[in-house]
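Engineer: My file is data_12.cif. It has mmCIF, C-alpha atoms:
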data_work
#
loop_
_atom_site.label_atom_id
_atom_site.label_comp_id
_atom_site.auth_asym_id
_atom_site.auth_seq_id
_atom_site.Cartn_x
_atom_site.Cartn_y
_atom_site.Cartn_z
CA MET K 1 90.24 79.08 89.33
CA GLU K 2 92.82 80.86 87.14
CA TYR K 3 94.21 84.29 87.98
CA SER K 4 92.36 86.11 85.19
CA SER K 5 89.08 84.47 86.22
CA VAL K 6 89.64 85.46 89.84
CA LEU K 7 90.26 89.09 88.84
CA ASP K 8 87.16 89.12 86.64
CA LYS K 9 85.09 87.80 89.53
CA ILE K 10 86.55 90.31 91.99
CA HIS K 11 85.89 93.21 89.61
CA SER K 12 82.33 92.00 89.05
CA LEU K 13 81.50 92.62 92.71
CA ASN K 14 79.41 95.66 93.57
CA LYS K 15 81.80 98.63 93.64
CA PHE K 16 80.36 100.62 96.51
CA GLY K 17 77.60 98.46 97.98
CA SER K 18 73.95 99.12 98.68
CA ARG K 19 74.60 101.27 101.75
CA PRO K 20 77.52 102.62 103.78
CA GLY K 21 78.63 100.83 106.91
CA LEU K 22 80.81 98.05 108.25
CA ASP K 23 78.05 95.48 108.90
CA ARG K 24 78.67 93.51 105.71
CA ILE K 25 82.42 93.10 106.02
CA ASN K 26 82.14 92.38 109.74
CA MET K 27 79.80 89.50 108.90
CA LEU K 28 82.26 88.21 106.32
CA LEU K 29 85.24 88.49 108.66
CA LYS K 30 83.32 86.70 111.40
CA LEU K 31 82.73 83.75 109.04
CA MET K 32 86.49 83.78 108.39
CA GLY K 33 87.30 83.65 112.11
CA ASN K 34 88.23 87.35 112.23
CA PRO K 35 91.79 87.08 110.86
CA GLN K 36 92.41 90.77 111.56
CA LYS K 37 92.25 90.16 115.31
CA SER K 38 95.56 88.25 115.25
CA LEU K 39 97.48 91.12 113.62
CA LYS K 40 99.09 94.41 114.63
CA PHE K 41 98.62 97.52 112.50
CA LEU K 42 99.96 100.91 111.54
CA HIS K 43 96.77 102.51 110.16
CA VAL K 44 97.27 105.34 107.63
CA ALA K 45 94.60 107.83 106.50
CA GLY K 46 94.54 111.25 104.82
CA THR K 47 93.78 112.92 101.52
CA ASN K 48 97.21 112.95 99.87
CA GLY K 49 100.51 111.33 100.85
CA LYS K 50 99.17 108.05 102.25
CA GLY K 51 101.00 105.98 99.67
CA SER K 52 104.35 107.61 100.39
CA VAL K 53 103.99 107.23 104.15
CA CYS K 54 103.07 103.57 103.66
CA ALA K 55 106.02 103.03 101.31
CA VAL K 56 108.57 104.48 103.74
CA THR K 57 107.22 102.90 106.93
CA SER K 58 106.82 99.43 105.40
CA SER K 59 110.32 99.61 103.91
CA VAL K 60 111.87 100.59 107.25
CA LEU K 61 109.94 97.92 109.16
CA ARG K 62 111.17 95.32 106.68
CA ALA K 63 114.75 96.61 107.02
CA SER K 64 114.33 96.33 110.80
CA GLY K 65 113.71 92.59 110.50
CA TYR K 66 109.93 92.56 110.84
CA LYS K 67 107.73 90.54 108.52
CA THR K 68 105.69 93.46 107.24
CA GLY K 69 102.37 93.36 105.47
CA LEU K 70 101.29 96.24 103.27
CA PHE K 71 97.77 96.92 102.03
CA ILE K 72 97.36 99.77 99.55
CA SER K 73 94.95 101.00 96.89
CA PRO K 74 94.72 101.42 94.06
CA PHE K 75 97.45 99.34 92.42
CA ILE K 76 99.55 100.92 89.70
CA THR K 77 100.31 98.12 87.22
CA ASP K 78 99.28 94.77 88.69
CA PHE K 79 96.42 93.92 91.05
CA CYS K 80 98.74 91.90 93.31
CA GLU K 81 100.54 95.12 94.30
CA ARG K 82 97.62 95.88 96.63
CA ILE K 83 98.64 93.11 99.05
CA GLN K 84 102.34 92.83 99.86
CA ILE K 85 104.68 91.28 102.39
CA ASN K 86 108.19 92.68 102.76
CA ASN K 87 107.57 94.83 99.69
CA LYS K 88 106.76 91.78 97.51
CA PRO K 89 103.24 91.48 96.03
CA ILE K 90 101.14 88.46 96.88
CA ASP K 91 101.85 85.69 94.37
CA ARG K 92 99.03 84.77 92.04
CA GLU K 93 98.69 81.25 93.45
CA ASN K 94 98.10 82.51 96.99
CA LEU K 95 95.69 85.17 95.74
CA CYS K 96 93.64 82.56 93.86
CA VAL K 97 93.56 80.11 96.79
CA ILE K 98 92.48 82.71 99.35
CA ALA K 99 90.05 84.41 96.97
CA GLU K 100 88.30 81.09 96.28
CA TYR K 101 88.00 80.50 100.03
CA VAL K 102 86.51 83.96 100.60
CA PHE K 103 84.19 83.68 97.57
CA CYS K 104 82.57 80.59 99.14
CA LEU K 105 81.70 82.65 102.22
CA VAL K 106 80.52 85.58 100.11
CA GLU K 107 78.09 83.27 98.34
CA GLU K 108 76.71 82.18 101.72
CA LEU K 109 76.06 85.83 102.57
CA ASN K 110 74.54 86.45 99.15
CA LYS K 111 71.83 83.91 99.97
CA GLU K 112 70.82 86.24 102.83
CA ASP K 113 70.85 89.29 100.51
CA ILE K 114 74.10 90.53 102.08
CA ILE K 115 76.13 91.83 99.14
CA ILE K 116 79.88 92.21 99.63
CA THR K 117 81.61 94.99 97.68
CA GLU K 118 84.89 94.71 95.81
CA PHE K 119 86.90 96.69 98.36
CA GLU K 120 85.39 94.75 101.25
CA PHE K 121 86.34 91.50 99.52
CA VAL K 122 89.93 92.57 98.83
CA THR K 123 90.34 93.80 102.41
CA ALA K 124 89.18 90.42 103.71
CA VAL K 125 91.59 88.58 101.39
CA ALA K 126 94.45 90.78 102.62
CA PHE K 127 93.68 90.13 106.30
CA GLU K 128 93.56 86.37 105.63
CA TYR K 129 96.85 86.41 103.73
CA PHE K 130 98.64 88.42 106.41
CA LYS K 131 97.32 86.05 109.09
CA ARG K 132 98.39 82.92 107.20
CA GLN K 133 101.84 84.40 106.65
CA ALA K 134 102.12 85.41 110.35
CA CYS K 135 103.07 89.04 109.74
CA HIS K 136 104.57 90.90 112.68
CA ILE K 137 102.85 94.12 111.63
CA VAL K 138 100.68 95.37 108.76
CA VAL K 139 100.86 98.87 107.26
CA LEU K 140 97.20 99.41 106.44
CA GLU K 141 96.18 102.19 104.07
CA VAL K 142 92.61 103.44 104.29
CA GLY K 143 90.74 103.16 101.01
CA LEU K 144 88.21 105.98 101.34
CA GLY K 145 87.57 108.24 104.32
CA GLY K 146 88.16 106.25 107.47
CA ARG K 147 85.21 105.82 109.79
CA LEU K 148 83.24 103.57 107.43
CA ASP K 149 86.20 102.23 105.45
CA SER K 150 86.58 98.45 105.37
CA THR K 151 90.02 98.68 106.97
CA ASN K 152 88.34 100.15 110.07
CA THR K 153 87.16 96.68 111.09
CA ILE K 154 90.36 96.28 113.11
CA ASP K 155 89.92 96.49 116.89
CA SER K 156 93.02 98.58 117.49
CA SER K 157 96.24 99.85 115.95
CA GLU K 158 99.70 100.38 117.33
CA CYS K 159 99.74 103.80 115.70
CA VAL K 160 97.53 105.96 113.47
CA ALA K 161 99.23 108.19 110.89
CA LEU K 162 97.24 111.03 109.33
CA THR K 163 98.59 112.72 106.23
CA ARG K 164 97.43 116.16 105.12
CA ILE K 165 93.63 116.38 104.89
CA GLY K 166 91.89 118.31 102.13
CA LEU K 167 88.82 118.26 99.92
CA ASP K 168 88.31 115.04 97.97
CA HIS K 169 85.39 112.63 97.53
CA THR K 170 83.17 115.46 98.79
CA ASP K 171 80.04 113.68 97.53
CA ILE K 172 80.74 110.84 99.99
CA LEU K 173 82.80 112.32 102.83
CA GLY K 174 81.38 115.82 103.14
CA ASP K 175 81.83 119.22 101.56
CA THR K 176 84.12 120.83 104.16
CA VAL K 177 87.57 119.99 105.50
CA ARG K 178 86.05 119.69 108.99
CA LYS K 179 83.55 117.04 107.86
CA ILE K 180 86.21 115.12 105.95
CA ALA K 181 88.61 115.29 108.92
CA LYS K 182 85.93 113.77 111.15
CA GLU K 183 85.60 110.86 108.73
CA LYS K 184 89.38 110.38 108.64
CA CYS K 185 89.62 110.54 112.42
CA GLY K 186 87.10 107.73 112.63
CA ILE K 187 90.01 105.25 112.56
CA ILE K 188 91.44 106.59 115.83
CA LYS K 189 90.75 104.25 118.72
CA ALA K 190 91.53 104.56 122.41
CA GLY K 191 95.03 103.35 123.16
CA SER K 192 96.57 104.14 119.77
CA SER K 193 99.28 106.77 119.46
CA VAL K 194 98.51 109.30 116.72
CA VAL K 195 100.87 111.21 114.44
CA SER K 196 99.81 113.80 111.91
CA SER K 197 101.21 115.86 109.09
CA PRO K 198 100.72 119.63 109.45
CA GLN K 199 97.04 120.45 108.92
CA THR K 200 94.74 123.38 108.26
CA GLU K 201 93.24 124.91 111.38
CA GLU K 202 89.93 123.12 110.78
CA ALA K 203 91.48 119.69 110.41
CA ARG K 204 93.90 120.22 113.30
CA GLU K 205 91.06 121.10 115.67
CA VAL K 206 89.16 117.94 114.73
CA ILE K 207 92.25 115.76 115.24
CA GLU K 208 93.10 117.38 118.58
CA ASP K 209 89.52 117.10 119.85
CA THR K 210 89.31 113.44 118.82
CA CYS K 211 92.57 112.53 120.53
CA LYS K 212 91.62 114.46 123.65
CA SER K 213 88.25 112.75 123.93
CA LEU K 214 89.85 109.29 123.59
CA GLY K 215 92.94 110.00 125.67
CA ASN K 216 95.37 109.42 122.80
CA SER K 217 98.84 110.88 122.53
CA LEU K 218 99.27 113.16 119.49
CA VAL K 219 102.41 114.34 117.69
CA PHE K 220 102.52 116.66 114.68
CA SER K 221 105.35 115.75 112.35
CA ASP K 222 106.59 119.30 111.77
CA THR K 223 108.11 119.11 115.27
CA LEU K 224 110.52 116.37 114.14
CA ASP K 225 114.21 117.28 113.84
CA VAL K 226 115.13 116.54 110.22
CA ASN K 227 117.87 118.62 108.59
CA VAL K 228 117.65 118.72 104.79
CA ILE K 229 121.13 119.35 103.34
CA SER K 230 120.50 118.97 99.60
CA TYR K 231 117.43 118.85 97.41
CA SER K 232 117.46 118.02 93.71
CA ILE K 233 115.76 115.87 91.08
CA GLU K 234 118.28 113.17 91.99
CA GLY K 235 116.85 112.91 95.51
CA THR K 236 116.64 114.65 98.88
CA THR K 237 119.52 114.17 101.31
CA PHE K 238 118.90 114.87 104.98
CA VAL K 239 120.35 114.15 108.41
CA TYR K 240 118.30 112.27 110.98
CA LYS K 241 119.70 110.87 114.22
CA ASP K 242 123.25 111.58 112.97
CA LYS K 243 122.70 109.53 109.82
CA GLU K 244 122.95 111.04 106.34
CA ILE K 245 120.08 109.59 104.32
CA THR K 246 118.91 110.08 100.74
CA LEU K 247 115.22 109.81 99.90
CA SER K 248 114.47 109.03 96.25
CA LEU K 249 110.81 110.13 96.47
CA LEU K 250 110.79 113.60 94.91
CA GLY K 251 109.06 116.87 95.74
CA GLU K 252 109.08 119.14 98.77
CA HIS K 253 105.85 117.49 99.90
CA GLN K 254 107.76 114.23 100.24
CA VAL K 255 109.82 115.76 103.04
CA GLU K 256 106.54 116.33 104.87
CA ASN K 257 105.45 112.74 104.17
CA LEU K 258 108.87 111.52 105.28
CA LYS K 259 108.56 113.32 108.62
CA THR K 260 105.11 111.81 109.17
CA ALA K 261 106.54 108.35 108.44
CA LEU K 262 109.49 108.90 110.77
CA CYS K 263 107.16 110.09 113.55
CA ALA K 264 105.09 106.93 113.15
CA LEU K 265 108.23 104.80 113.28
CA GLU K 266 109.35 106.57 116.47
CA GLU K 267 105.98 105.79 118.04
CA LEU K 268 106.25 102.14 116.99
CA SER K 269 109.77 101.88 118.41
CA ASN K 270 108.36 103.09 121.74
CA THR K 271 105.57 100.49 121.74
CA GLY K 272 107.46 97.24 121.31
CA PHE K 273 109.18 97.46 117.94
CA GLU K 274 112.65 97.94 119.39
CA ARG K 275 114.47 96.63 116.32
CA ILE K 276 113.81 99.94 114.53
CA THR K 277 117.21 101.65 114.67
CA ALA K 278 118.90 104.62 113.02
CA GLN K 279 120.65 102.20 110.66
CA SER K 280 117.48 100.32 109.69
CA ILE K 281 115.76 103.67 109.12
CA LYS K 282 118.57 104.69 106.76
CA GLU K 283 118.39 101.37 104.89
CA GLY K 284 114.59 101.42 104.71
CA VAL K 285 114.21 105.04 103.61
CA GLU K 286 116.86 104.70 100.92
CA SER K 287 115.22 101.58 99.48
CA ALA K 288 111.65 102.96 99.61
CA VAL K 289 109.87 103.25 96.27
CA ASN K 290 106.43 104.55 95.41
CA PRO K 291 105.67 104.28 91.68
CA ALA K 292 103.77 107.09 89.96
CA ARG K 293 104.43 109.68 92.66
CA PHE K 294 106.57 112.20 90.77
CA GLU K 295 108.43 109.19 89.44
CA VAL K 296 111.25 109.94 87.02
CA ILE K 297 111.32 107.08 84.50
CA CYS K 298 113.70 108.73 82.02
CA LYS K 299 116.28 111.54 82.17
CA SER K 300 116.85 112.27 78.47
CA PRO K 301 114.42 113.88 78.15
CA TYR K 302 113.03 113.90 81.67
CA VAL K 303 109.77 111.92 81.81
CA ILE K 304 107.75 112.09 85.02
CA ILE K 305 104.67 110.06 85.94
CA ASP K 306 102.55 111.36 88.80
CA GLY K 307 99.20 110.19 90.13
CA ALA K 308 98.04 113.68 91.19
CA HIS K 309 94.25 113.66 90.77
CA ASN K 310 92.76 116.36 93.00
CA PRO K 311 93.52 120.02 93.83
CA ASP K 312 95.81 119.23 96.78
CA GLY K 313 97.70 116.67 94.73
CA MET K 314 97.97 119.00 91.75
CA SER K 315 99.24 121.78 93.99
CA THR K 316 102.12 119.66 95.28
CA PHE K 317 102.79 118.30 91.79
CA ALA K 318 102.95 121.87 90.45
CA SER K 319 105.37 122.89 93.21
CA ALA K 320 107.72 120.05 92.25
CA VAL K 321 107.59 120.96 88.56
CA LYS K 322 108.38 124.60 89.37
CA LYS K 323 111.25 123.53 91.62
CA PHE K 324 112.97 121.29 89.10
CA PHE K 325 112.04 122.93 85.77
CA SER K 326 111.73 126.63 86.52
CA ASP K 327 113.53 127.59 83.29
CA ARG K 328 111.12 126.01 80.78
CA LYS K 329 107.64 124.76 80.03
CA GLY K 330 106.95 121.08 79.45
CA ILE K 331 104.69 118.72 77.52
CA LEU K 332 101.74 117.20 79.39
CA VAL K 333 99.66 114.04 79.03
CA ILE K 334 96.53 114.19 81.18
CA GLY K 335 93.31 112.32 81.86
CA MET K 336 91.00 112.66 84.84
CA LEU K 337 87.96 111.05 86.40
CA ARG K 338 84.66 112.91 86.11
CA ASP K 339 84.10 113.01 89.89
CA LYS K 340 87.33 114.94 90.55
CA ASP K 341 87.66 118.72 90.78
CA SER K 342 89.38 119.06 87.41
CA VAL K 343 88.81 122.82 87.15
CA SER K 344 90.69 123.65 90.35
CA SER K 345 93.32 121.05 89.48
CA LEU K 346 94.07 122.61 86.10
CA GLU K 347 94.38 126.05 87.67
CA TYR K 348 97.51 124.87 89.49
CA ILE K 349 99.34 123.67 86.38
CA LYS K 350 98.14 126.06 83.66
CA GLU K 351 101.43 128.01 83.48
CA LEU K 352 103.72 124.98 83.44
CA PHE K 353 103.07 123.29 80.09
CA GLU K 354 103.02 124.56 76.51
CA GLU K 355 101.43 121.52 74.86
CA VAL K 356 98.81 119.16 76.27
CA TYR K 357 97.61 115.75 75.11
CA THR K 358 94.38 114.46 76.66
CA VAL K 359 93.62 110.75 76.93
CA PRO K 360 90.78 108.40 77.81
CA ILE K 361 91.14 106.23 80.92
CA SER K 362 89.78 102.68 81.19
CA ASN K 363 87.47 103.52 84.06
CA PRO K 364 83.69 104.05 83.98
CA ARG K 365 84.12 107.29 85.94
CA ALA K 366 86.62 108.76 83.46
CA MET K 367 86.11 111.90 81.40
CA LYS K 368 86.22 111.27 77.66
CA SER K 369 89.37 112.50 75.95
CA GLY K 370 87.45 115.07 73.90
CA GLU K 371 85.64 116.33 76.99
CA MET K 372 88.95 116.69 78.83
CA ALA K 373 90.43 118.51 75.83
CA GLU K 374 87.59 121.07 75.74
CA LEU K 375 88.14 121.79 79.40
CA ALA K 376 91.92 121.99 79.00
CA LYS K 377 91.58 124.55 76.20
CA ASN K 378 90.47 127.05 78.84
CA TYR K 379 93.95 126.82 80.38
CA PHE K 380 96.35 125.83 77.57
CA SER K 381 96.74 127.18 74.04
CA ASP K 382 97.83 123.92 72.37
CA VAL K 383 95.63 120.93 73.23
CA THR K 384 95.30 117.64 71.33
CA SER K 385 92.71 114.95 72.09
CA CYS K 386 94.09 111.43 71.62
CA GLU K 387 92.30 108.12 71.22
CA SER K 388 94.69 106.12 73.42
CA VAL K 389 97.37 106.50 76.08
CA GLU K 390 99.89 104.96 73.65
CA GLU K 391 99.18 107.57 71.00
CA ALA K 392 99.40 110.41 73.51
CA PHE K 393 102.62 109.22 75.13
CA SER K 394 104.37 108.61 71.81
CA GLN K 395 103.48 112.06 70.48
CA ALA K 396 104.35 113.85 73.74
CA HIS K 397 107.64 111.97 74.15
CA LEU K 398 108.71 112.80 70.59
CA LYS K 399 107.76 116.46 71.04
CA ALA K 400 109.69 116.69 74.34
CA LYS K 401 112.77 115.31 72.58
CA GLU K 402 112.43 117.72 69.67
CA LYS K 403 112.03 120.74 71.93
CA GLY K 404 114.62 119.66 74.50
CA THR K 405 112.16 119.92 77.36
CA PHE K 406 110.52 117.61 79.89
CA MET K 407 107.20 115.77 79.81
CA CYS K 408 104.78 114.76 82.53
CA VAL K 409 101.82 112.41 82.89
CA CYS K 410 99.27 113.24 85.59
CA GLY K 411 95.56 113.39 86.46
CA SER K 412 94.82 109.92 87.82
CA LEU K 413 96.53 106.92 89.39
CA TYR K 414 94.43 104.83 87.00
CA LEU K 415 96.04 106.68 84.08
CA ALA K 416 99.48 106.21 85.63
CA GLY K 417 98.88 102.47 85.87
CA GLU K 418 97.72 102.23 82.25
CA ILE K 419 100.48 104.30 80.73
CA ARG K 420 103.48 103.27 82.85
CA PRO K 421 104.22 99.85 81.26
CA TYR K 422 103.96 101.28 77.75
CA ALA K 423 106.06 104.32 78.69
CA LEU K 424 108.84 102.18 80.14
CA GLU K 425 108.86 99.95 77.04
CA CYS K 426 108.73 102.96 74.71
CA ILE K 427 111.68 104.61 76.44
CA LYS K 428 113.70 101.39 76.41
CA ASN K 429 113.16 100.98 72.66
CA THR K 430 114.12 104.57 71.83
CA ASP K 431 117.29 104.75 73.95
#
Please go through the file and, once you have read it, give me the structure as structure tokens.
Structural biologist:
Amino acid sequence: MEYSSVLDKIHSLNKFGSRPGLDRINMLLKLMGNPQKSLKFLHVAGTNGKGSVCAVTSSVLRASGYKTGLFISPFITDFCERIQINNKPIDRENLCVIAEYVFCLVEELNKEDIIITEFEFVTAVAFEYFKRQACHIVVLEVGLGGRLDSTNTIDSSECVALTRIGLDHTDILGDTVRKIAKEKCGIIKAGSSVVSSPQTEEAREVIEDTCKSLGNSLVFSDTLDVNVISYSIEGTTFVYKDKEITLSLLGEHQVENLKTALCALEELSNTGFERITAQSIKEGVESAVNPARFEVICKSPYVIIDGAHNPDGMSTFASAVKKFFSDRKGILVIGMLRDKDSVSSLEYIKELFEEVYTVPISNPRAMKSGEMAELAKNYFSDVTSCESVEEAFSQAHLKAKEKGTFMCVCGSLYLAGEIRPYALECIKNTD
């Protein structure tokens, strides 16, 4: 089966399944011989910041000499980005071979009216790939929630990392931070060390109660000794364990994510991963990349792509914009999914941009460009609805050049993935 055919077949699977639960994927994994049981994991959950924590920890583990698997979602540009080893996406040949193997088993289950969802399928493919490649450890990002997420089919983890927990996917996970925190904490198992970003009082109580009931150790990352010595749009330089290190991931929130990652790495180094050293941490942090997270793809004018898509994400995105561009207003390209809290999200950025271009996103859950424009007009005086991401980016980029200001793209990781290749090509051709 060719790569494009495999992707079409994967995307044709039921998106969310007929009911919540882990029964379906557990049946599939059992038919596969439970590949996840032969692997070790760093399990990462939270509302925002998971991708950055995964990027830093996987990069450091690779720099420490460990064969490191990485499972993330969604991808930005290419589907293969979701399954990586040593920061390299699975090659298309391996994806096709393993997908065909798993599809055969899915068809067996289909005969019994057991319908495997897309995310369940991709999780199973990832476990099989990591097993076949004999990974030393896998950095495993939760897809949605935690307790009933397909990644929670693992028996144990070396460490659980929880990033900041806020309101998102409230229709599925619950309408309060406490309810959502309980879902996230569902990945914590007895015997795992737990690290957490700073949390609201509600979320902190849930995390502490969960760890206490299971007898887990718990460390909050704000207790870590990291001394930031410079902070600019070129990167954040800090001192950790007498090493001066520069992190290219931008925004004050990335310092918080960095601390959470470093806490997780300290826990791993205490549980058998002794090759993690101050030097490998420096090498890994400095080589860590996380596309579409306040990513600067051009400096003349500054062009930033960010996947912020909910109020917490927009808040941190807004803080970064204010930090680096406090003297001017920028040009914005935005598109959002209908199931996100777009009203609260726009409140955070309404003072930061003077012109806005709305775009459609190739996703069935996306708001139409015109619909997004009508909403944006409540917050911005100059709003233009565009028919495509290419049209919007070209117009916004030209306007930013003319006005000598910056431009940003935000609202959805799906939008970031669609627009990023065109934006990079557009910038290259206009330099």
Engineer: Residues near Val206 in chain K, anyone? I mean within 9 Å using only C-alpha atoms, not counting same-chain ones fewer than 3 positions away, as a list in words.
Structural biologist: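 Counting only the stated atoms, we get Arg178, Lys179, Ala181, Lys182, Cys185, Glu201, Glu202, Ala203, Asp209, Thr210 and Cys211 of chain K.
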Engineer: Go through the shown structure with the PyMOL selection byres ((chain K and resi 221) around 8) and write out the matching residues as a list in words.
Structural biologist: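 So the PyMOL selection byres ((chain K and resi 221) around 8), applied here, picks out Val195, Ser196, Ser197, Pro198, Val219, Phe220, Asp222, Thr223, Leu224, Glu256, Lys259, Thr260 and Cys263 of chain K.
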Engineer: I want to know what sits within 8 Å of Leu415 in chain K, based on all atoms listed in the file, with residues of the same chain fewer than 3 positions away left out; could you give that as a PDB file with C-alpha atoms, keeping the file's coordinate frame?
Structural biologist:
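Wrote around_30.pdb, looks like this:
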ATOM      1  CA  GLY K 307      99.200 110.190  90.130  1.00  0.00           C
ATOM      2  CA  GLY K 335      93.310 112.320  81.860  1.00  0.00           C
ATOM      3  CA  MET K 336      91.000 112.660  84.840  1.00  0.00           C
ATOM      4  CA  ILE K 361      91.140 106.230  80.920  1.00  0.00           C
ATOM      5  CA  SER K 362      89.780 102.680  81.190  1.00  0.00           C
ATOM      6  CA  CYS K 410      99.270 113.240  85.590  1.00  0.00           C
ATOM      7  CA  GLY K 411      95.560 113.390  86.460  1.00  0.00           C
ATOM      8  CA  SER K 412      94.820 109.920  87.820  1.00  0.00           C
ATOM      9  CA  GLU K 418      97.720 102.230  82.250  1.00  0.00           C
ATOM     10  CA  ILE K 419     100.480 104.300  80.730  1.00  0.00           C
TER      11      ILE K 419
END
Engineer: Decode the PyMOL selection byres ((chain K and resi 316) around 10) for the given file into explicit residues and return them as a PyMOL selection string.
Structural biologist: chain K and resi 48+251-254+294+308+311-315+317-322+348
Engineer: What gap, in Å, lies between CA of Ser157 in chain K and CA of Asn290 in chain K?
Structural biologist: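 Computed distance, CA of Ser157 in chain K to CA of Asn290 in chain K, equals 23.4 Å.
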Engineer: Could you tell me which of K:Ile116, K:Val60, K:Asn86, K:Ala416 comes closest to Ser269 in chain K if we count all atoms listed in the file?
Structural biologist: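 With all atoms listed in the file as the atom set, the closest residue is K:Val60.
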Engineer: I would like the residues chosen by the PyMOL selection byres ((chain K and resi 420) around 9) on the shown file; could you give them as a list in words?
Structural biologist: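 Output of the PyMOL selection byres ((chain K and resi 420) around 9): Ile76, Thr77, Ala292, Ile297, Ile305, Leu415, Ala416, Gly417, Glu418, Ile419, Pro421, Tyr422, Ala423, Leu424 and Glu425 of chain K.
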Engineer: Smallest atom-to-atom distance to Ser248 in chain K: which of K:Thr271, K:Ser38, K:Ser73, K:Ser287, using all atoms listed in the file?
Structural biologist: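 Closest residue, counting all atoms listed in the file: K:Ser287.
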Engineer: Within 9 Å of (91.0, 103.8, 112.6) in the file's own coordinates, which protein, DNA or RNA residues have an atom, counting all atoms listed in the file? List them as a PDB file with C-alpha atoms, in the coordinates of the input.
Structural biologist:
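Output file result28.pdb follows:
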ATOM      1  CA  HIS K  43      96.770 102.510 110.160  1.00  0.00           C
ATOM      2  CA  VAL K  44      97.270 105.340 107.630  1.00  0.00           C
ATOM      3  CA  ALA K  45      94.600 107.830 106.500  1.00  0.00           C
ATOM      4  CA  VAL K 142      92.610 103.440 104.290  1.00  0.00           C
ATOM      5  CA  GLY K 146      88.160 106.250 107.470  1.00  0.00           C
ATOM      6  CA  ARG K 147      85.210 105.820 109.790  1.00  0.00           C
ATOM      7  CA  ASP K 149      86.200 102.230 105.450  1.00  0.00           C
ATOM      8  CA  THR K 151      90.020  98.680 106.970  1.00  0.00           C
ATOM      9  CA  ASN K 152      88.340 100.150 110.070  1.00  0.00           C
ATOM     10  CA  THR K 153      87.160  96.680 111.090  1.00  0.00           C
ATOM     11  CA  ILE K 154      90.360  96.280 113.110  1.00  0.00           C
ATOM     12  CA  ASP K 155      89.920  96.490 116.890  1.00  0.00           C
ATOM     13  CA  SER K 156      93.020  98.580 117.490  1.00  0.00           C
ATOM     14  CA  SER K 157      96.240  99.850 115.950  1.00  0.00           C
ATOM     15  CA  VAL K 160      97.530 105.960 113.470  1.00  0.00           C
ATOM     16  CA  LYS K 184      89.380 110.380 108.640  1.00  0.00           C
ATOM     17  CA  CYS K 185      89.620 110.540 112.420  1.00  0.00           C
ATOM     18  CA  GLY K 186      87.100 107.730 112.630  1.00  0.00           C
ATOM     19  CA  ILE K 187      90.010 105.250 112.560  1.00  0.00           C
ATOM     20  CA  ILE K 188      91.440 106.590 115.830  1.00  0.00           C
ATOM     21  CA  LYS K 189      90.750 104.250 118.720  1.00  0.00           C
TER      22      LYS K 189
END
Engineer: Which value, in Å to one decimal, gives the distance between CA of Ala99 in chain K and CA of Cys159 in chain K?
Structural biologist: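 Distance between the two atoms: 28.6 Å.
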Engineer: When you draw a straight line from CA of Val359 in chain K to CA of Ser345 in chain K, how long is it in Å?
Structural biologist: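 Value for the CA of Val359 in chain K-CA of Ser345 in chain K distance: 16.2 Å.
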Engineer: Box for range 339-347 of chain K - axis-aligned, 6 Å on each of the six sides, all listed atoms - centre and size in Å to one decimal, as lines of an AutoDock Vina configuration file.
Structural biologist:
center_x = 89.2
center_y = 119.5
center_z = 88.4
size_x = 22.3
size_y = 25.0
size_z = 16.7
Engineer: So that I can check the surroundings of range 1-4 of chain K, please list as a VMD selection string every protein, DNA and RNA residue that reaches within 8 Å of it, counting only C-alpha atoms and ignoring chain neighbours fewer than 4 positions away.
Structural biologist: chain K and resid 8 92 to 93 95 to 96 100
Engineer: May I have the residues at most 8 Å from (97.8, 90.3, 113.9) in the file's coordinates, counting only C-alpha atoms, as a list in words?
Structural biologist: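 Final list of nearby residues, as requested, is Pro35, Gln36, Lys37, Ser38, Leu39, Lys40, Phe41, Phe130, Lys131, Ala134, Cys135, His136, Ile137 and Val138 of chain K.
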Engineer: For Lys282 in chain K, please output as a PyMOL selection string all residues within 8 Å (counting all atoms listed in the file; exclusion window: fewer than 6 positions along the same chain).
Structural biologist: chain K and resi 60+243-245
Engineer: My list of candidates is K:Leu375, K:Ile276, K:Ala55, K:Leu332. Which is closest to Gln395 in chain K when distances are computed with all atoms listed in the file?
Structural biologist: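 Among the listed residues, the smallest separation from Gln395 in chain K belongs to K:Leu332.
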Engineer: Looking at all atoms listed in the file, which of K:Glu274, K:Glu351, K:Glu205, K:Asp339 is the one that sits closest to Phe325 in chain K?
Structural biologist: K:Glu351
Engineer: Calculated over all atoms listed in the file, which of the candidates K:Asn270, K:Val285, K:Gly215, K:Thr358 has the smallest distance to Thr236 in chain K?
Structural biologist: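 Among the listed residues, K:Val285 lies closest to Thr236 in chain K.
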